[in-house]
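Undergrad: Dropping a structure here in structure tokens format, bear with me for questions.
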Amino acid sequence: LKPTVFDDIIAMVALYRPGPMQFIDSFIKRKHGQEPITYLHEGMKSSLENTYGILVYQEQFMQISKEWCGFTGGQADTLRKAVGKKKIDLMRKVKVDFVEGAISHGGATKEVAEKFWDQLEEFANYCFNKSHAACYGLISYWTAYLKAHYPDAFMAALMTSDQDDIDRLAIEIAEAQHMGMKVLAPDVNESFVEFAVVPGKKQIRFGLAAVKGVGVAAVEEVLRAREESRFVSIEDFAKRVNVQKFNKKAWESLIKSGGFDSLADRSDLLFNLESIQGFASKLQKEASSGQTDLFGLLGESSESVMPSISLQPSPTKHTEKERLMWERELMGLYISAHPLDEYAQYFAEQTVPLSTLTKANDEHKAIVGGLISTMRTIITKSGTKMAFIGLEDKTGETEVIVFPKLFQQIGEQLKQDVAVRIEGTISARDREGNLMDDIKVIADNIMIVTDQELRDYQSTGGGPLKARAGSVTTTKRSFSRKQTSLPSTESYATPSVRTATVAAATPKQVYVNVKNPDDHTVLEQLKKTCSRHPGVDTIILVLGDENKSAIKLPFAVDVGDTLTGELGKLLGEDAVVVK
């Protein structure tokens, strides 16, 4: 649109709704002179001139009814009530006067008057008054200005307003990062009740009250004590912050969320928490009873006999993953890092970023992966269990549907914060079959990706996968458990199709001979090797040395010199044949 006047913004607020959205392209073209501005009748020009001949507001048809049809103010308001509240019976009564007025007062033909009335009846489904649109438009203009010129203050205020809505908060933190700002964990020396700007650093501090378990009263007590000076140590904090207002729950929550990271290690603080609280309680109790005044009699040597606390090193240190889980539990999302940071290469090469899935990919295959954030199971009408999994990677999140057959095989392993790789079908339709922006994935295969596998992963050297809207060749399961003593097929649930765009070529078949079907170590190594080379080529497992049986595996690979070389080293060069 490229607005040049405030009226453009008001019009877009009113137009951007399910009904009038059909006129947005025409509105823009007319503004830029790419489409002629026309009126159904010249008597409507003064009413519709500001919106390029397009009916947008309630006030416009009220003005038309007065100027074109000769309505009084009262009649125009009755028309507004009929249209605005969608009172069809009332509209039919007003129609007679409207059409007659357009003919006698406005000089229109009956056909033109009735045509406009038909448009007005359709308009009743989405009409919006200009005064409301102007208010929304003005707020939009203000907030856009603030976001452009005071981005850190604007984003901090936005996060504060949505601090109880984790989904919105995650979107806003990602937006802040895209704008070049960093959202930092809470800090007892820098944070306030709400999200706050770190002056001159393009940083925003997490609000202390947004941490679960830390109430506003506890935060205000911290701020009161901090007015004197910054906290220089845990002992200093314990001395100055009232234990009655800052309880054990607040201590634990702020420690785990990183609020004391500038003063001490999280593991050490949790290990010494009972001692810290006991020290604070004893010292403050003595101060309130006047006992500490006795030290004043000792003059300058009083510091040597004042009680103090020494933190004992924790015998076990919490892992980075555990600390991130705490952050998610207490703040709803990861702040200091993301559990998938060190495995970025694996997921970039082996899965499609969730943010790239769109309704254009509906009914096509995709390989997705990340962490299980939520999990909900239900009992179907047949008495079997199925699950709805919340899956998130570093780019976004989606819902994965796991039907009973697959859930029965792998359900016990599906838990929150478990890393998975999922081969499935993208679904972007509702129950009526309408396309939506809400993307889901129906799981065909799920593979649990262990920390060890992620650490051992070696880059394939390929670029990141991309979701593809075109048709994709897939393989189907054709595995008989009676044929062999191989592990469950679901443990082999590796990608059955590489969703990156590949050059058009005839799919190949690679035959791999495993002479000892009971050698599970070799089978696991075979699985890992193939998982590093997803593609569209079929892999057929030939079992046994003399009485051989062949099985087409439920995934596909990218046959090339690298894969065949690795398989040759594992099984012997004579055990690998490509056709």
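Identifiers in the structure tokens: chain A, B, ... in order shown; residue index from 1 per chain; ligand index from 1 in order shown.
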Find the nearest atom pair between each residue of range 183-260 of chain A and range 281-289 of chain A for residues within 12 Å, count only C-alpha atoms, give distances in Å to one decimal, sort rows by chain and ascending number, and present the table as JSON lines.

TA:
```
{"residue": "A:Glu235", "atom": "CA", "partner": "A:Leu283", "partner_atom": "CA", "distance": 10.7}
{"residue": "A:Asp236", "atom": "CA", "partner": "A:Leu283", "partner_atom": "CA", "distance": 11.4}
{"residue": "A:Phe237", "atom": "CA", "partner": "A:Gln284", "partner_atom": "CA", "distance": 11.8}
{"residue": "A:Ala238", "atom": "CA", "partner": "A:Ser281", "partner_atom": "CA", "distance": 8.4}
{"residue": "A:Lys239", "atom": "CA", "partner": "A:Leu283", "partner_atom": "CA", "distance": 6.9}
{"residue": "A:Arg240", "atom": "CA", "partner": "A:Gln284", "partner_atom": "CA", "distance": 8.4}
{"residue": "A:Val241", "atom": "CA", "partner": "A:Gln284", "partner_atom": "CA", "distance": 9.1}
{"residue": "A:Asn242", "atom": "CA", "partner": "A:Gln284", "partner_atom": "CA", "distance": 7.6}
{"residue": "A:Val243", "atom": "CA", "partner": "A:Ser281", "partner_atom": "CA", "distance": 6.2}
{"residue": "A:Gln244", "atom": "CA", "partner": "A:Ser281", "partner_atom": "CA", "distance": 8.7}
{"residue": "A:Lys245", "atom": "CA", "partner": "A:Ser281", "partner_atom": "CA", "distance": 11.5}
{"residue": "A:Phe246", "atom": "CA", "partner": "A:Ser281", "partner_atom": "CA", "distance": 10.8}
{"residue": "A:Asn247", "atom": "CA", "partner": "A:Ser281", "partner_atom": "CA", "distance": 10.3}
{"residue": "A:Lys248", "atom": "CA", "partner": "A:Ser281", "partner_atom": "CA", "distance": 11.2}
```

Undergrad: Using DSSP on the backbone, list every residue of range 119-240 of chain A that comes out as strand (DSSP E or B), and give them as number ranges by chain.

TA: A: 128, 182-184, 196-198, 203-205

Undergrad: I need the chosen residues saved as an mmCIF file, in the first residue's frame, with all heavy atoms.

TA:
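File written: selection-v3.cif
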```cif
data_model
loop_
_atom_site.group_PDB
_atom_site.id
_atom_site.type_symbol
_atom_site.label_atom_id
_atom_site.label_comp_id
_atom_site.auth_asym_id
_atom_site.auth_seq_id
_atom_site.Cartn_x
_atom_site.Cartn_y
_atom_site.Cartn_z
ATOM 1 N N PHE A 128 -17.578 -2.285 9.342
ATOM 2 C CA PHE A 128 -16.775 -1.802 10.458
ATOM 3 C C PHE A 128 -16.870 -0.289 10.460
ATOM 4 O O PHE A 128 -16.824 0.338 9.399
ATOM 5 C CB PHE A 128 -15.326 -2.241 10.258
ATOM 6 C CG PHE A 128 -14.518 -2.225 11.530
ATOM 7 C CD1 PHE A 128 -14.752 -3.171 12.519
ATOM 8 C CD2 PHE A 128 -13.525 -1.296 11.727
ATOM 9 C CE1 PHE A 128 -14.008 -3.177 13.686
ATOM 10 C CE2 PHE A 128 -12.772 -1.289 12.894
ATOM 11 C CZ PHE A 128 -13.018 -2.241 13.879
ATOM 12 N N LYS A 182 19.416 -8.758 22.451
ATOM 13 C CA LYS A 182 19.564 -10.008 23.181
ATOM 14 C C LYS A 182 18.710 -9.947 24.440
ATOM 15 O O LYS A 182 18.732 -8.951 25.167
ATOM 16 C CB LYS A 182 21.032 -10.237 23.544
ATOM 17 C CG LYS A 182 21.307 -11.627 24.115
ATOM 18 C CD LYS A 182 22.794 -11.869 24.285
ATOM 19 C CE LYS A 182 23.057 -13.297 24.773
ATOM 20 N NZ LYS A 182 24.500 -13.542 24.965
ATOM 21 N N VAL A 183 17.957 -11.010 24.689
ATOM 22 C CA VAL A 183 17.153 -11.099 25.908
ATOM 23 C C VAL A 183 17.945 -11.921 26.918
ATOM 24 O O VAL A 183 18.275 -13.079 26.658
ATOM 25 C CB VAL A 183 15.787 -11.739 25.632
ATOM 26 C CG1 VAL A 183 14.980 -11.841 26.931
ATOM 27 C CG2 VAL A 183 15.011 -10.922 24.606
ATOM 28 N N LEU A 184 18.269 -11.292 28.037
ATOM 29 C CA LEU A 184 19.128 -11.915 29.043
ATOM 30 C C LEU A 184 18.304 -12.519 30.170
ATOM 31 O O LEU A 184 17.170 -12.110 30.432
ATOM 32 C CB LEU A 184 20.090 -10.869 29.621
ATOM 33 C CG LEU A 184 20.960 -10.120 28.607
ATOM 34 C CD1 LEU A 184 21.772 -9.047 29.323
ATOM 35 C CD2 LEU A 184 21.894 -11.080 27.868
ATOM 36 N N ALA A 196 13.000 -5.166 31.425
ATOM 37 C CA ALA A 196 13.608 -3.841 31.443
ATOM 38 C C ALA A 196 14.796 -3.760 30.486
ATOM 39 O O ALA A 196 15.451 -4.759 30.182
ATOM 40 C CB ALA A 196 14.061 -3.492 32.859
ATOM 41 N N VAL A 197 15.064 -2.552 30.039
ATOM 42 C CA VAL A 197 16.158 -2.286 29.101
ATOM 43 C C VAL A 197 17.470 -2.140 29.863
ATOM 44 O O VAL A 197 17.523 -1.495 30.919
ATOM 45 C CB VAL A 197 15.858 -0.985 28.324
ATOM 46 C CG1 VAL A 197 17.053 -0.584 27.466
ATOM 47 C CG2 VAL A 197 14.614 -1.158 27.473
ATOM 48 N N VAL A 198 18.532 -2.747 29.323
ATOM 49 C CA VAL A 198 19.880 -2.495 29.825
ATOM 50 C C VAL A 198 20.399 -1.311 29.014
ATOM 51 O O VAL A 198 20.625 -1.447 27.802
ATOM 52 C CB VAL A 198 20.796 -3.720 29.647
ATOM 53 C CG1 VAL A 198 22.194 -3.406 30.172
ATOM 54 C CG2 VAL A 198 20.210 -4.935 30.349
ATOM 55 N N GLN A 203 20.098 -4.678 24.959
ATOM 56 C CA GLN A 203 19.790 -5.867 25.749
ATOM 57 C C GLN A 203 18.529 -5.629 26.586
ATOM 58 O O GLN A 203 18.261 -4.494 26.998
ATOM 59 C CB GLN A 203 20.953 -6.222 26.678
ATOM 60 C CG GLN A 203 22.226 -6.632 25.954
ATOM 61 C CD GLN A 203 23.380 -6.876 26.910
ATOM 62 O OE1 GLN A 203 23.343 -6.460 28.072
ATOM 63 N NE2 GLN A 203 24.406 -7.550 26.424
ATOM 64 N N ILE A 204 17.804 -6.702 26.828
ATOM 65 C CA ILE A 204 16.602 -6.650 27.661
ATOM 66 C C ILE A 204 16.741 -7.708 28.742
ATOM 67 O O ILE A 204 17.056 -8.862 28.453
ATOM 68 C CB ILE A 204 15.327 -6.906 26.832
ATOM 69 C CG1 ILE A 204 15.154 -5.822 25.764
ATOM 70 C CG2 ILE A 204 14.095 -6.979 27.736
ATOM 71 C CD1 ILE A 204 14.026 -6.102 24.792
ATOM 72 N N ARG A 205 16.519 -7.293 29.972
ATOM 73 C CA ARG A 205 16.584 -8.229 31.096
ATOM 74 C C ARG A 205 15.210 -8.808 31.390
ATOM 75 O O ARG A 205 14.208 -8.109 31.388
ATOM 76 C CB ARG A 205 17.099 -7.514 32.348
ATOM 77 C CG ARG A 205 18.605 -7.409 32.441
ATOM 78 C CD ARG A 205 19.249 -8.715 32.799
ATOM 79 N NE ARG A 205 20.716 -8.601 32.814
ATOM 80 C CZ ARG A 205 21.519 -9.632 32.921
ATOM 81 N NH1 ARG A 205 21.017 -10.863 33.001
ATOM 82 N NH2 ARG A 205 22.816 -9.473 32.918
#
```

Undergrad: Go through range 310-417 of chain A and flag each residue having an atom no more than 12 Å from range 530-547 of chain A; for those, report the closest pair of atoms plus their distance in Å to one decimal, using only C-alpha atoms, ordered by chain and rising number, as JSON lines.

TA:
```
{"residue": "A:Gln345", "atom": "CA", "partner": "A:Arg532", "partner_atom": "CA", "distance": 11.6}
{"residue": "A:Tyr346", "atom": "CA", "partner": "A:Arg532", "partner_atom": "CA", "distance": 9.0}
{"residue": "A:Phe347", "atom": "CA", "partner": "A:Arg532", "partner_atom": "CA", "distance": 11.1}
{"residue": "A:Ala348", "atom": "CA", "partner": "A:Arg532", "partner_atom": "CA", "distance": 12.0}
{"residue": "A:Glu349", "atom": "CA", "partner": "A:Arg532", "partner_atom": "CA", "distance": 8.7}
{"residue": "A:Gln350", "atom": "CA", "partner": "A:Pro534", "partner_atom": "CA", "distance": 7.5}
{"residue": "A:Thr351", "atom": "CA", "partner": "A:Pro534", "partner_atom": "CA", "distance": 9.9}
{"residue": "A:Lys365", "atom": "CA", "partner": "A:Val536", "partner_atom": "CA", "distance": 11.8}
{"residue": "A:Ala366", "atom": "CA", "partner": "A:Pro534", "partner_atom": "CA", "distance": 11.8}
{"residue": "A:Ile367", "atom": "CA", "partner": "A:Pro534", "partner_atom": "CA", "distance": 9.8}
```

Undergrad: Could you please take those selected residues and save C-alpha atoms as a compact mmCIF listing (two decimals), in the first residue's frame?

TA:
```
# COMPACT_ATOMS: atom_id res chain seq x y z
CA GLN A 345 24.62 -29.38 12.35
CA TYR A 346 22.76 -32.65 12.85
CA PHE A 347 19.28 -31.14 12.67
CA ALA A 348 20.26 -28.75 9.86
CA GLU A 349 21.36 -31.66 7.64
CA GLN A 350 18.88 -34.31 8.73
CA THR A 351 15.62 -32.41 9.21
CA LYS A 365 6.45 -36.00 3.20
CA ALA A 366 8.86 -34.20 5.47
CA ILE A 367 11.61 -35.14 7.90
```

Undergrad: Would you kindly return, as a ChimeraX atom specification, each protein, DNA or RNA residue with an atom no farther than 12 Å from any atom of Gly572 in chain A, considering only C-alpha atoms and excluding same-chain residues fewer than 6 positions away?

TA: /A:512-515,522,564-566

Undergrad: Which distance in Å separates CA of Lys321 in chain A and CA of Asp261 in chain A, to one decimal?

TA: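 A separation of 16.1 Å between them.
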
Undergrad: Return the single residue from A:Lys385, A:Gly180, A:Gly207, A:Tyr457 that is closest to Asp164 in chain A, with distances computed using only C-alpha atoms.

TA: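 That would be A:Gly207, the residue with the smallest distance to Asp164 in chain A.
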
Undergrad: Could you write out, as a ChimeraX atom specification, all the residues of range 121-198 of chain A that DSSP marks as alpha helix (DSSP H)?

TA: /A:121-123,130-149,151-161,166-178

Undergrad: With C-alpha atoms retained, export the selected residues as a PDB file, in the first residue's frame.

TA:
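Generated output (out-v5.pdb):
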```pdb
ATOM      1  CA  GLU A 121     -26.550  -6.610   2.356  1.00  0.00           C
ATOM      2  CA  GLU A 122     -23.266  -8.385   1.659  1.00  0.00           C
ATOM      3  CA  PHE A 123     -21.428  -5.564   3.434  1.00  0.00           C
ATOM      4  CA  LYS A 130     -14.470   4.331  10.850  1.00  0.00           C
ATOM      5  CA  SER A 131     -14.182   5.627  14.409  1.00  0.00           C
ATOM      6  CA  HIS A 132     -13.038   2.240  15.682  1.00  0.00           C
ATOM      7  CA  ALA A 133     -10.696   1.755  12.737  1.00  0.00           C
ATOM      8  CA  ALA A 134      -9.209   5.200  13.397  1.00  0.00           C
ATOM      9  CA  CYS A 135      -8.498   4.315  17.050  1.00  0.00           C
ATOM     10  CA  TYR A 136      -6.831   1.031  16.090  1.00  0.00           C
ATOM     11  CA  GLY A 137      -4.949   2.752  13.283  1.00  0.00           C
ATOM     12  CA  LEU A 138      -3.620   5.431  15.619  1.00  0.00           C
ATOM     13  CA  ILE A 139      -2.400   2.849  18.143  1.00  0.00           C
ATOM     14  CA  SER A 140      -0.774   0.914  15.286  1.00  0.00           C
ATOM     15  CA  TYR A 141       0.954   4.099  14.131  1.00  0.00           C
ATOM     16  CA  TRP A 142       2.198   4.907  17.631  1.00  0.00           C
ATOM     17  CA  THR A 143       3.503   1.402  18.300  1.00  0.00           C
ATOM     18  CA  ALA A 144       5.173   1.166  14.869  1.00  0.00           C
ATOM     19  CA  TYR A 145       6.929   4.470  15.592  1.00  0.00           C
ATOM     20  CA  LEU A 146       8.074   3.259  19.012  1.00  0.00           C
ATOM     21  CA  LYS A 147       9.288  -0.053  17.598  1.00  0.00           C
ATOM     22  CA  ALA A 148      11.285   1.774  14.915  1.00  0.00           C
ATOM     23  CA  HIS A 149      12.829   4.472  17.151  1.00  0.00           C
ATOM     24  CA  PRO A 151      13.029  -0.838  19.809  1.00  0.00           C
ATOM     25  CA  ASP A 152      14.418  -2.084  23.133  1.00  0.00           C
ATOM     26  CA  ALA A 153      11.892  -0.162  25.257  1.00  0.00           C
ATOM     27  CA  PHE A 154       9.058  -1.201  22.947  1.00  0.00           C
ATOM     28  CA  MET A 155       9.974  -4.909  23.029  1.00  0.00           C
ATOM     29  CA  ALA A 156      10.477  -4.839  26.815  1.00  0.00           C
ATOM     30  CA  ALA A 157       6.995  -3.344  27.242  1.00  0.00           C
ATOM     31  CA  LEU A 158       5.509  -5.864  24.827  1.00  0.00           C
ATOM     32  CA  MET A 159       7.084  -8.788  26.704  1.00  0.00           C
ATOM     33  CA  THR A 160       5.816  -7.408  30.009  1.00  0.00           C
ATOM     34  CA  SER A 161       2.269  -7.253  28.657  1.00  0.00           C
ATOM     35  CA  ILE A 166       4.522 -18.220  26.976  1.00  0.00           C
ATOM     36  CA  ASP A 167       3.675 -18.733  23.297  1.00  0.00           C
ATOM     37  CA  ARG A 168       3.547 -14.992  22.649  1.00  0.00           C
ATOM     38  CA  LEU A 169       6.655 -14.430  24.747  1.00  0.00           C
ATOM     39  CA  ALA A 170       8.657 -16.928  22.689  1.00  0.00           C
ATOM     40  CA  ILE A 171       7.613 -15.152  19.467  1.00  0.00           C
ATOM     41  CA  GLU A 172       8.558 -11.752  20.895  1.00  0.00           C
ATOM     42  CA  ILE A 173      11.953 -12.896  22.158  1.00  0.00           C
ATOM     43  CA  ALA A 174      12.702 -14.344  18.711  1.00  0.00           C
ATOM     44  CA  GLU A 175      11.610 -11.041  17.154  1.00  0.00           C
ATOM     45  CA  ALA A 176      13.910  -9.113  19.509  1.00  0.00           C
ATOM     46  CA  GLN A 177      16.807 -11.326  18.443  1.00  0.00           C
ATOM     47  CA  HIS A 178      15.996 -10.692  14.772  1.00  0.00           C
TER      48      HIS A 178
END
```

Undergrad: If we count only C-alpha atoms and set the cut-off at 8 Å, which residues sit around Glu114 in chain A, ignoring sequence neighbours fewer than 4 positions away in its own chain? Please answer as an mmCIF file with N, CA and C atoms, in the first residue's frame.

TA:
```cif
data_model
loop_
_atom_site.group_PDB
_atom_site.id
_atom_site.type_symbol
_atom_site.label_atom_id
_atom_site.label_comp_id
_atom_site.auth_asym_id
_atom_site.auth_seq_id
_atom_site.Cartn_x
_atom_site.Cartn_y
_atom_site.Cartn_z
ATOM 1 N N VAL A 99 -34.498 2.397 -1.773
ATOM 2 C CA VAL A 99 -34.564 2.314 -3.235
ATOM 3 C C VAL A 99 -35.396 3.473 -3.801
ATOM 4 N N LYS A 110 -33.830 2.110 -10.920
ATOM 5 C CA LYS A 110 -34.173 1.083 -9.944
ATOM 6 C C LYS A 110 -33.117 -0.020 -9.917
ATOM 7 N N ASP A 118 -27.997 -4.693 -2.784
ATOM 8 C CA ASP A 118 -27.464 -6.058 -2.688
ATOM 9 C C ASP A 118 -26.034 -6.040 -2.138
#
```

Undergrad: Please report, as CSV, each residue of range 109-146 of chain A lying at most 10 Å from range 35-45 of chain A, together with the nearest pair of atoms and the separation in Å rounded to one decimal; use only C-alpha atoms, and order rows by chain and ascending residue number.

TA:
```
residue,atom,partner,partner_atom,distance
A:Thr109,CA,A:His41,CA,9.6
A:Val112,CA,A:Leu40,CA,7.2
A:Ala113,CA,A:His41,CA,9.0
A:Lys115,CA,A:Leu40,CA,8.8
A:Phe116,CA,A:Leu40,CA,7.6
```

Undergrad: For the residues in that selection, give me all heavy atoms as a PDB file, in the first residue's frame.

TA:
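Output below, filename out-v6.pdb:
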```pdb
ATOM      1  N   THR A 109     -31.448   4.813 -11.319  1.00  0.00           N
ATOM      2  CA  THR A 109     -32.427   3.857 -11.828  1.00  0.00           C
ATOM      3  C   THR A 109     -32.693   2.816 -10.752  1.00  0.00           C
ATOM      4  O   THR A 109     -31.909   2.640  -9.804  1.00  0.00           O
ATOM      5  CB  THR A 109     -31.903   3.149 -13.085  1.00  0.00           C
ATOM      6  OG1 THR A 109     -30.752   2.364 -12.723  1.00  0.00           O
ATOM      7  CG2 THR A 109     -31.541   4.152 -14.175  1.00  0.00           C
ATOM      8  N   VAL A 112     -29.848   0.207 -10.571  1.00  0.00           N
ATOM      9  CA  VAL A 112     -28.641   0.662  -9.867  1.00  0.00           C
ATOM     10  C   VAL A 112     -28.890   0.703  -8.360  1.00  0.00           C
ATOM     11  O   VAL A 112     -28.046   0.280  -7.552  1.00  0.00           O
ATOM     12  CB  VAL A 112     -28.191   2.043 -10.381  1.00  0.00           C
ATOM     13  CG1 VAL A 112     -27.106   2.632  -9.474  1.00  0.00           C
ATOM     14  CG2 VAL A 112     -27.681   1.939 -11.805  1.00  0.00           C
ATOM     15  N   ALA A 113     -30.066   1.199  -7.955  1.00  0.00           N
ATOM     16  CA  ALA A 113     -30.390   1.291  -6.534  1.00  0.00           C
ATOM     17  C   ALA A 113     -30.439  -0.091  -5.888  1.00  0.00           C
ATOM     18  O   ALA A 113     -29.912  -0.299  -4.783  1.00  0.00           O
ATOM     19  CB  ALA A 113     -31.731   2.005  -6.355  1.00  0.00           C
ATOM     20  N   LYS A 115     -28.981  -2.804  -7.052  1.00  0.00           N
ATOM     21  CA  LYS A 115     -27.642  -3.404  -7.109  1.00  0.00           C
ATOM     22  C   LYS A 115     -26.816  -2.946  -5.908  1.00  0.00           C
ATOM     23  O   LYS A 115     -26.121  -3.742  -5.266  1.00  0.00           O
ATOM     24  CB  LYS A 115     -26.943  -3.025  -8.415  1.00  0.00           C
ATOM     25  CG  LYS A 115     -25.583  -3.673  -8.579  1.00  0.00           C
ATOM     26  CD  LYS A 115     -24.958  -3.349  -9.935  1.00  0.00           C
ATOM     27  CE  LYS A 115     -23.603  -4.031 -10.087  1.00  0.00           C
ATOM     28  NZ  LYS A 115     -22.978  -3.706 -11.395  1.00  0.00           N
ATOM     29  N   PHE A 116     -26.884  -1.634  -5.607  1.00  0.00           N
ATOM     30  CA  PHE A 116     -26.145  -1.140  -4.444  1.00  0.00           C
ATOM     31  C   PHE A 116     -26.699  -1.751  -3.156  1.00  0.00           C
ATOM     32  O   PHE A 116     -25.948  -2.075  -2.241  1.00  0.00           O
ATOM     33  CB  PHE A 116     -26.217   0.388  -4.370  1.00  0.00           C
ATOM     34  CG  PHE A 116     -25.454   0.952  -3.197  1.00  0.00           C
ATOM     35  CD1 PHE A 116     -24.068   1.047  -3.231  1.00  0.00           C
ATOM     36  CD2 PHE A 116     -26.113   1.348  -2.031  1.00  0.00           C
ATOM     37  CE1 PHE A 116     -23.353   1.550  -2.153  1.00  0.00           C
ATOM     38  CE2 PHE A 116     -25.408   1.837  -0.948  1.00  0.00           C
ATOM     39  CZ  PHE A 116     -24.020   1.947  -1.010  1.00  0.00           C
TER      40      PHE A 116
END
```

Undergrad: My list of candidates is A:Gly396, A:Gly73, A:Leu263, A:Ser308. Which is closest to Gly278 in chain A when distances are computed with only C-alpha atoms?

TA: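 Among the listed residues, A:Ser308 lies closest to Gly278 in chain A.
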
Undergrad: Quick one: residues within 9 Å of Leu79 in chain A, only C-alpha atoms, excluding same-chain residues fewer than 2 positions away - as a list in words?

TA: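 The filter keeps Phe61, Met62, Ser65, Gly74, Gln75, Ala76, Asp77, Lys81, Ala82, Val83, Gly84, Leu90, Met91 and Val94 of chain A.
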
Undergrad: Kindly export the residues of the current selection with C-alpha atoms, as a PDB file, in the first residue's frame.

TA:
```
ATOM      1  CA  PHE A  61     -23.332   4.107   3.656  1.00  0.00           C
ATOM      2  CA  MET A  62     -24.993   6.375   6.243  1.00  0.00           C
ATOM      3  CA  SER A  65     -28.358   7.231   2.476  1.00  0.00           C
ATOM      4  CA  GLY A  74     -32.765   9.187  12.285  1.00  0.00           C
ATOM      5  CA  GLN A  75     -33.419   7.037   9.202  1.00  0.00           C
ATOM      6  CA  ALA A  76     -29.672   6.771   8.527  1.00  0.00           C
ATOM      7  CA  ASP A  77     -29.115   5.598  12.111  1.00  0.00           C
ATOM      8  CA  LYS A  81     -28.441  -0.483  13.304  1.00  0.00           C
ATOM      9  CA  ALA A  82     -29.958  -2.833  10.753  1.00  0.00           C
ATOM     10  CA  VAL A  83     -26.648  -3.312   8.889  1.00  0.00           C
ATOM     11  CA  GLY A  84     -24.320  -3.178  11.875  1.00  0.00           C
ATOM     12  CA  LEU A  90     -35.209  -4.571   9.594  1.00  0.00           C
ATOM     13  CA  MET A  91     -33.045  -4.165   6.493  1.00  0.00           C
ATOM     14  CA  VAL A  94     -35.679  -0.046   5.149  1.00  0.00           C
TER      15      VAL A  94
END
```

Undergrad: Calculated over only C-alpha atoms, which of the candidates A:Gln22, A:Met386, A:Arg17, A:Gln509 has the smallest distance to Lys579 in chain A?

TA: A:Gln509

Undergrad: Between CA of Ala360 in chain A and CA of Val13 in chain A, what is the spacing in Å?

TA: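 So the answer is 27.2 Å.
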